[in-house]
Amino acid sequence: MRVMVLGGTRFIGTAVVEELHAHGHELLIVHRGEHEPADLPEADHLHAQRQDLPHLRGPVDDFDPEAVVDNCAYSAADAETALAAVGDDVRLLVVSSMDVYRAFGAVLAGTETDPLPVDETSPVRTERYPYRGRPHPSPDAGSYEKLDVEEAYLARAATVCRLPMVYGERDHQHREEPLLRRVRAGRMRIPAGSGTWLWTRGYVRDIAAGIRLALESDATVAEVLNLGEARTWSMGMWARHVLEAAGSEAELVRVPDVLLPDDLKALGTVPQHLLVDSPMSSHVPAWAGQQHLLVDSSKARDLLGWEETDPHEALRRSVAWHLAHPPTDASDDFSADDRALQGATAWSEFLAQRYPPTAP
């Protein structure tokens, strides 16, 4: 197919472009021109702001797309401008998020609302604009709403792919970095809390394969699909496997959640890192709720025959890439770790004195 890809030069978009190209699709990548990865597959490029797309029907019509994959529609306006640029007979797929579910709203509100796992029939949020008025790195956070995007696209019989927490090569959020920066520094004791929270993940290349299969299938027209791993490690187990993949023998040392460094808050009882500019930080109030975000993707597996990479292998690839490409602003300050470890030792000594072991 001739596929127009909106936003195909960063992380998930790049993986989608590579997947589509590998399976013989002809591509037009529409982006602002801010990122031009040297290793992108050969394809036509159209540099344009999204809001200008309806006025660029010439280049779009010249390519004559049979399908559109929209990786970066974040608001109703984003969806409407993209849809205005293509005809009614074009196959449509839009990338959405599992943050549309009511369960995600419960995490933000510190409550628990939904049984697990969450599937495509589970309730969605009733309150719109989840990031409005909350700390967030994006200047457009106030208008962000994937429910509005889905509504506009489904009205045109699009396929909606709801994504989980995606990790892998080129992840600009550096989800493993809170652990890997300690590995690079040779830290052998890393503070950790209970690490019991569950949040479905997805390896970026598996996600790209699911998007490609959904685009190619007639069975997914006007359908919503979750794309995520079949089994989910807790945050604590995820951390242990990241260290293992990095070849580190560092020990995760249990400390009270209140002592956890900001970038390790995800390893507490309930993480506090969903709404900020760092993958695992805590510039928002602590939440008391226990809502997990464990999501079922069996519909995509049944409809598409979609399979996932062995999770250990997927994490090995991701960790290897991120070790080889550390962020330029990686911090070498571990004073919060030292305070947490010292505090945990003092707390353990206090408890041992207060509650001495009784003789059998």
# chains A, B, ... in the order shown; residues from 1 in each chain; ligands from 1
$ residues_around --residues "stretch 97-100 of chain A" --least-positions-apart "2" --cutoff "6 Å" --atoms "only C-alpha atoms" --output "list of chain:residue names"
A:Phe104, A:Val124, A:Arg125, A:Arg162, A:Leu163, A:Pro164
$ select_by_dssp --residues "stretch 85-295 of chain A" --states "strand (DSSP E)" --output "PyMOL selection string"
chain A and resi 91-97+159-163+165-167+189-192+201-203+224-226+251-254
$ closest_atom_pairs --of "stretch 148-192 of chain A" --to "stretch 199-217 of chain A" --cutoff "9 Å" --atoms "only C-alpha atoms" --output "CSV"
residue,atom,partner,partner_atom,distance
A:Thr159,CA,A:Ala214,CA,7.3
A:Cys161,CA,A:Ile211,CA,7.0
A:Leu163,CA,A:Gly202,CA,7.6
A:Pro164,CA,A:Arg201,CA,5.3
A:Met165,CA,A:Arg201,CA,4.6
A:Val166,CA,A:Gly202,CA,4.7
A:Tyr167,CA,A:Tyr203,CA,5.3
A:Gly168,CA,A:Val204,CA,5.4
A:Glu169,CA,A:Val204,CA,7.4
A:Asp171,CA,A:Val204,CA,8.6
$ atom_distance --atom1 "atom CA of A:Ala324" --atom2 "atom CA of A:Glu176"
12.6 Å
$ closest_residue --among "A:Leu179, A:Leu303, A:Leu243, A:Glu308" --to "A:Phe334" --atoms "only C-alpha atoms"
A:Leu179
$ closest_residue --among "A:Glu229, A:Glu349, A:Glu223, A:Asp44" --to "A:Glu120" --atoms "only C-alpha atoms"
A:Glu223
$ residues_around --residues "A:Gly193" --least-positions-apart "3" --cutoff "9 Å" --atoms "only C-alpha atoms" --output "NGL selection string"
:A and (196 or 236 or 252-257 or 259-260 or 264-269)
$ residues_around --residues "stretch 77-88 of chain A" --least-positions-apart "4" --cutoff "12 Å" --atoms "only C-alpha atoms" --output "PyMOL selection string"
chain A and resi 3-7+30+48-73+92-96+140+143-158
$ atom_distance --atom1 "atom CA of A:Val90" --atom2 "atom CA of A:Asn226"
22.4 Å
$ closest_residue --among "A:Tyr129, A:Ser318, A:Leu323, A:Gly343" --to "A:Leu108" --atoms "only C-alpha atoms"
A:Tyr129
$ residues_around --residues "A:Val242" --least-positions-apart "5" --cutoff "9 Å" --atoms "only C-alpha atoms" --output "count of residues only"
9
$ decode --residues "stretch 78-133 of chain A" --atoms "C-alpha atoms" --output "mmCIF file, in the first residue's frame"
data_model
loop_
_atom_site.group_PDB
_atom_site.id
_atom_site.type_symbol
_atom_site.label_atom_id
_atom_site.label_comp_id
_atom_site.auth_asym_id
_atom_site.auth_seq_id
_atom_site.Cartn_x
_atom_site.Cartn_y
_atom_site.Cartn_z
ATOM 1 C CA ASP A 78 -4.821 17.462 15.470
ATOM 2 C CA ALA A 79 -7.232 14.780 14.286
ATOM 3 C CA GLU A 80 -9.441 17.164 12.312
ATOM 4 C CA THR A 81 -6.568 18.744 10.370
ATOM 5 C CA ALA A 82 -5.166 15.333 9.413
ATOM 6 C CA LEU A 83 -8.541 14.013 8.320
ATOM 7 C CA ALA A 84 -9.181 17.110 6.241
ATOM 8 C CA ALA A 85 -6.076 16.348 4.190
ATOM 9 C CA VAL A 86 -7.216 12.962 2.858
ATOM 10 C CA GLY A 87 -10.231 11.565 1.056
ATOM 11 C CA ASP A 88 -13.007 9.436 2.486
ATOM 12 C CA ASP A 89 -11.755 6.276 0.774
ATOM 13 C CA VAL A 90 -8.370 6.230 2.541
ATOM 14 C CA ARG A 91 -7.698 3.488 5.118
ATOM 15 C CA LEU A 92 -7.056 5.115 8.481
ATOM 16 C CA LEU A 93 -5.224 4.052 11.635
ATOM 17 C CA VAL A 94 -4.530 6.285 14.607
ATOM 18 C CA VAL A 95 -2.235 5.611 17.537
ATOM 19 C CA SER A 96 -3.930 6.212 20.871
ATOM 20 C CA SER A 97 -3.131 5.458 24.487
ATOM 21 C CA MET A 98 -4.369 3.363 27.352
ATOM 22 C CA ASP A 99 -4.719 6.606 29.275
ATOM 23 C CA VAL A 100 -8.256 6.796 27.848
ATOM 24 C CA TYR A 101 -9.435 4.149 30.316
ATOM 25 C CA ARG A 102 -11.200 5.001 33.554
ATOM 26 C CA ALA A 103 -8.528 2.977 35.337
ATOM 27 C CA PHE A 104 -5.924 5.536 34.302
ATOM 28 C CA GLY A 105 -8.062 8.311 35.718
ATOM 29 C CA ALA A 106 -8.266 6.335 38.951
ATOM 30 C CA VAL A 107 -4.486 6.231 39.184
ATOM 31 C CA LEU A 108 -4.360 10.008 38.839
ATOM 32 C CA ALA A 109 -7.145 10.470 41.383
ATOM 33 C CA GLY A 110 -5.706 8.039 43.925
ATOM 34 C CA THR A 111 -8.713 5.732 43.791
ATOM 35 C CA GLU A 112 -9.529 2.254 42.508
ATOM 36 C CA THR A 113 -12.373 1.789 40.037
ATOM 37 C CA ASP A 114 -11.831 -1.157 37.726
ATOM 38 C CA PRO A 115 -11.300 -4.910 37.843
ATOM 39 C CA LEU A 116 -8.361 -6.344 35.932
ATOM 40 C CA PRO A 117 -7.418 -6.852 33.240
ATOM 41 C CA VAL A 118 -8.774 -3.824 31.408
ATOM 42 C CA ASP A 119 -9.934 -4.606 27.867
ATOM 43 C CA GLU A 120 -11.486 -2.689 24.976
ATOM 44 C CA THR A 121 -14.946 -2.938 26.568
ATOM 45 C CA SER A 122 -13.803 -1.394 29.875
ATOM 46 C CA PRO A 123 -15.115 2.070 30.751
ATOM 47 C CA VAL A 124 -13.175 5.098 29.576
ATOM 48 C CA ARG A 125 -12.616 8.269 31.541
ATOM 49 C CA THR A 126 -15.600 10.572 31.984
ATOM 50 C CA GLU A 127 -13.397 13.553 32.813
ATOM 51 C CA ARG A 128 -11.504 14.955 29.829
ATOM 52 C CA TYR A 129 -8.038 16.507 29.549
ATOM 53 C CA PRO A 130 -6.153 14.457 32.156
ATOM 54 C CA TYR A 131 -3.018 16.616 32.145
ATOM 55 C CA ARG A 132 -4.717 20.007 32.304
ATOM 56 C CA GLY A 133 -3.493 21.891 35.348
#
